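Inspection log for the structure reproduced underneath, given as structure tokens.
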Amino acid sequence: FNAGGTLLGFWGNPGTGNGQFEGLERIAIGRNGDIYASDERLARIQRFNANGIYLGQWGGHGSGPGQLGRPWGLAADANGNIYVAELSNARIQKFSASGDSLGQWGTLGSSTGEFANPTAVAIAPNGQIYVADAGNTRIQQFTPQSPKKKRKKKKKR
């Protein structure tokens, strides 16, 4: 749509092929204007240019690095990285704009840094990461440098 609300175009239809969706949930706009779409049922993220041209995808069902479990929320940071909130895996994954896995954090639970159904992720202009943790009815805030839980340091003997 344009600023006046006029429809400019659309893309996608039901299916499992490139540019198709079975469980479209969220979209995010990357730094260069590319559009990322999370498909919960197909456990993938698809990437399109601003005109709706399919550029690629990543993911697949699973819990390993780069695999996805019900990808729901999406956000893009100022560096072009994409963050994905996964319902089934109770974690956030970070990817490059082209889908390379850059890390992850979180596990199922209710302590700091743990999640129960993370449904949304947002990146503030200062880089802070906010996660809507629906199952724990809270919002958690993380720094971009170290979103993982801090481990206790072992005492030197």
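Identifiers in the structure tokens: chain A, B, ... in order shown; residue index from 1 per chain; ligand index from 1 in order shown.
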- [ ] Please provide the set of residues having any atom within 12 Å of Ala116 of chain A, restricted to only C-alpha atoms, with same-chain residues fewer than 5 positions apart removed, written as JSON, numbers by chain.
- [x] {"A": [85, 86, 87, 88, 89, 90, 91, 92, 106, 107, 108, 109, 110, 111, 131, 132, 133, 134, 135, 136, 137, 138, 139, 140]}
Export of prior selection with N, CA and C atoms as a PDB file, in the first residue's frame:
ATOM      1  N   ALA A  85      11.881 -15.410  16.478  1.00  0.00           N
ATOM      2  CA  ALA A  85      11.331 -15.974  17.714  1.00  0.00           C
ATOM      3  C   ALA A  85      10.657 -17.293  17.359  1.00  0.00           C
ATOM      4  N   GLU A  86      11.076 -18.369  18.025  1.00  0.00           N
ATOM      5  CA  GLU A  86      10.549 -19.701  17.743  1.00  0.00           C
ATOM      6  C   GLU A  86       9.682 -20.205  18.899  1.00  0.00           C
ATOM      7  N   LEU A  87       8.433 -20.487  18.606  1.00  0.00           N
ATOM      8  CA  LEU A  87       7.529 -20.989  19.638  1.00  0.00           C
ATOM      9  C   LEU A  87       7.948 -22.356  20.163  1.00  0.00           C
ATOM     10  N   SER A  88       8.143 -23.313  19.278  1.00  0.00           N
ATOM     11  CA  SER A  88       8.418 -24.691  19.705  1.00  0.00           C
ATOM     12  C   SER A  88       9.779 -24.873  20.357  1.00  0.00           C
ATOM     13  N   ASN A  89      10.773 -24.132  19.913  1.00  0.00           N
ATOM     14  CA  ASN A  89      12.115 -24.285  20.462  1.00  0.00           C
ATOM     15  C   ASN A  89      12.403 -23.321  21.607  1.00  0.00           C
ATOM     16  N   ALA A  90      11.449 -22.456  21.942  1.00  0.00           N
ATOM     17  CA  ALA A  90      11.594 -21.523  23.066  1.00  0.00           C
ATOM     18  C   ALA A  90      12.929 -20.788  23.018  1.00  0.00           C
ATOM     19  N   ARG A  91      13.227 -20.215  21.852  1.00  0.00           N
ATOM     20  CA  ARG A  91      14.504 -19.522  21.694  1.00  0.00           C
ATOM     21  C   ARG A  91      14.382 -18.424  20.648  1.00  0.00           C
ATOM     22  N   ILE A  92      15.444 -17.629  20.579  1.00  0.00           N
ATOM     23  CA  ILE A  92      15.617 -16.614  19.543  1.00  0.00           C
ATOM     24  C   ILE A  92      16.859 -17.013  18.759  1.00  0.00           C
ATOM     25  N   GLY A 106      18.273 -18.878  24.609  1.00  0.00           N
ATOM     26  CA  GLY A 106      16.994 -19.214  25.213  1.00  0.00           C
ATOM     27  C   GLY A 106      16.774 -20.706  25.289  1.00  0.00           C
ATOM     28  N   THR A 107      15.928 -21.071  26.208  1.00  0.00           N
ATOM     29  CA  THR A 107      15.491 -22.445  26.397  1.00  0.00           C
ATOM     30  C   THR A 107      14.155 -22.369  27.116  1.00  0.00           C
ATOM     31  N   LEU A 108      13.453 -23.472  27.211  1.00  0.00           N
ATOM     32  CA  LEU A 108      12.151 -23.488  27.860  1.00  0.00           C
ATOM     33  C   LEU A 108      12.301 -23.278  29.356  1.00  0.00           C
ATOM     34  N   GLY A 109      11.545 -22.345  29.891  1.00  0.00           N
ATOM     35  CA  GLY A 109      11.580 -22.079  31.324  1.00  0.00           C
ATOM     36  C   GLY A 109      11.034 -20.710  31.639  1.00  0.00           C
ATOM     37  N   SER A 110      11.153 -20.342  32.914  1.00  0.00           N
ATOM     38  CA  SER A 110      10.627 -19.052  33.352  1.00  0.00           C
ATOM     39  C   SER A 110      11.673 -18.169  34.019  1.00  0.00           C
ATOM     40  N   SER A 111      12.920 -18.615  34.042  1.00  0.00           N
ATOM     41  CA  SER A 111      13.994 -17.792  34.612  1.00  0.00           C
ATOM     42  C   SER A 111      14.435 -16.752  33.587  1.00  0.00           C
ATOM     43  N   VAL A 131      11.910  -9.157  23.630  1.00  0.00           N
ATOM     44  CA  VAL A 131      11.211 -10.390  23.275  1.00  0.00           C
ATOM     45  C   VAL A 131       9.903 -10.466  24.051  1.00  0.00           C
ATOM     46  N   ALA A 132       8.789 -10.652  23.329  1.00  0.00           N
ATOM     47  CA  ALA A 132       7.498 -10.902  23.957  1.00  0.00           C
ATOM     48  C   ALA A 132       7.451 -12.384  24.312  1.00  0.00           C
ATOM     49  N   ASP A 133       7.474 -12.663  25.585  1.00  0.00           N
ATOM     50  CA  ASP A 133       7.498 -14.023  26.117  1.00  0.00           C
ATOM     51  C   ASP A 133       6.078 -14.349  26.592  1.00  0.00           C
ATOM     52  N   ALA A 134       5.207 -14.746  25.649  1.00  0.00           N
ATOM     53  CA  ALA A 134       3.777 -14.890  25.914  1.00  0.00           C
ATOM     54  C   ALA A 134       3.466 -15.894  27.020  1.00  0.00           C
ATOM     55  N   GLY A 135       4.137 -17.032  27.020  1.00  0.00           N
ATOM     56  CA  GLY A 135       3.861 -18.057  28.017  1.00  0.00           C
ATOM     57  C   GLY A 135       4.211 -17.640  29.433  1.00  0.00           C
ATOM     58  N   ASN A 136       5.145 -16.706  29.568  1.00  0.00           N
ATOM     59  CA  ASN A 136       5.519 -16.182  30.882  1.00  0.00           C
ATOM     60  C   ASN A 136       4.916 -14.803  31.135  1.00  0.00           C
ATOM     61  N   THR A 137       4.056 -14.348  30.240  1.00  0.00           N
ATOM     62  CA  THR A 137       3.382 -13.039  30.326  1.00  0.00           C
ATOM     63  C   THR A 137       4.345 -11.914  30.723  1.00  0.00           C
ATOM     64  N   ARG A 138       5.405 -11.763  29.904  1.00  0.00           N
ATOM     65  CA  ARG A 138       6.394 -10.721  30.185  1.00  0.00           C
ATOM     66  C   ARG A 138       7.138 -10.346  28.910  1.00  0.00           C
ATOM     67  N   ILE A 139       7.863  -9.260  29.010  1.00  0.00           N
ATOM     68  CA  ILE A 139       8.786  -8.827  27.965  1.00  0.00           C
ATOM     69  C   ILE A 139      10.180  -8.884  28.562  1.00  0.00           C
ATOM     70  N   GLN A 140      11.096  -9.516  27.831  1.00  0.00           N
ATOM     71  CA  GLN A 140      12.487  -9.562  28.288  1.00  0.00           C
ATOM     72  C   GLN A 140      13.329  -8.659  27.387  1.00  0.00           C
TER      73      GLN A 140
END
Open item on the list: What does the structure give for the distance between atom CA of Asn13 of chain A and atom CA of Gly64 of chain A, in Å to one decimal?
Closed with: 28.6 Å
Under the rule of at most 6 Å, produce a per-residue listing of segment 68-96 of chain A near segment 38-48 of chain A: chain, number, name, the closest pair of atoms, and the distance in Å, as JSON lines, using only C-alpha atoms.
{"residue": "A:Leu68", "atom": "CA", "partner": "A:Ala43", "partner_atom": "CA", "distance": 5.3}
{"residue": "A:Arg70", "atom": "CA", "partner": "A:Glu40", "partner_atom": "CA", "distance": 4.5}
{"residue": "A:Pro71", "atom": "CA", "partner": "A:Glu40", "partner_atom": "CA", "distance": 5.0}
Open item on the list: Counting only C-alpha atoms, which residue out of A:Ser98, A:Asn79, A:Thr112, A:Gln104 sits closest to Asn126 of chain A?
Closed with: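 Using only C-alpha atoms, Asn126 of chain A sits closest to A:Asn79.
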List as a JSON list (two decimals) with C-alpha atoms, in the first residue's frame the protein and nucleic acid residues near Gly9 of chain A, meaning an atom at most 10 Å away when only C-alpha atoms are counted, but skip any in the same chain fewer than 4 places from it.
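Now in out_18.json:
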[["chain", "number", "residue", "atom", "x", "y", "z"],
["A", 1, "PHE", "CA", 0.00, 0.00, 0.00],
["A", 2, "ASN", "CA", 1.10, 3.56, -0.47],
["A", 51, "ASN", "CA", 8.73, -5.88, -5.62],
["A", 52, "GLY", "CA", 7.89, -9.35, -4.32]]
Task: Residue set, chain A restricted to strand (DSSP E or B), as a PyMOL selection string - done: chain A and resi 14+21+24-29+35-39+44-48+54-59+61+68+71-76+82-86+91-95+101-105+108+115+118-123+129-133+138-142
TODO: Check the smallest atom-to-atom distance from each of A:Gly19, A:Val84, A:Ala97, A:His61 to Asp34 of chain A using only C-alpha atoms, then report the winner.
DONE: A:Ala97
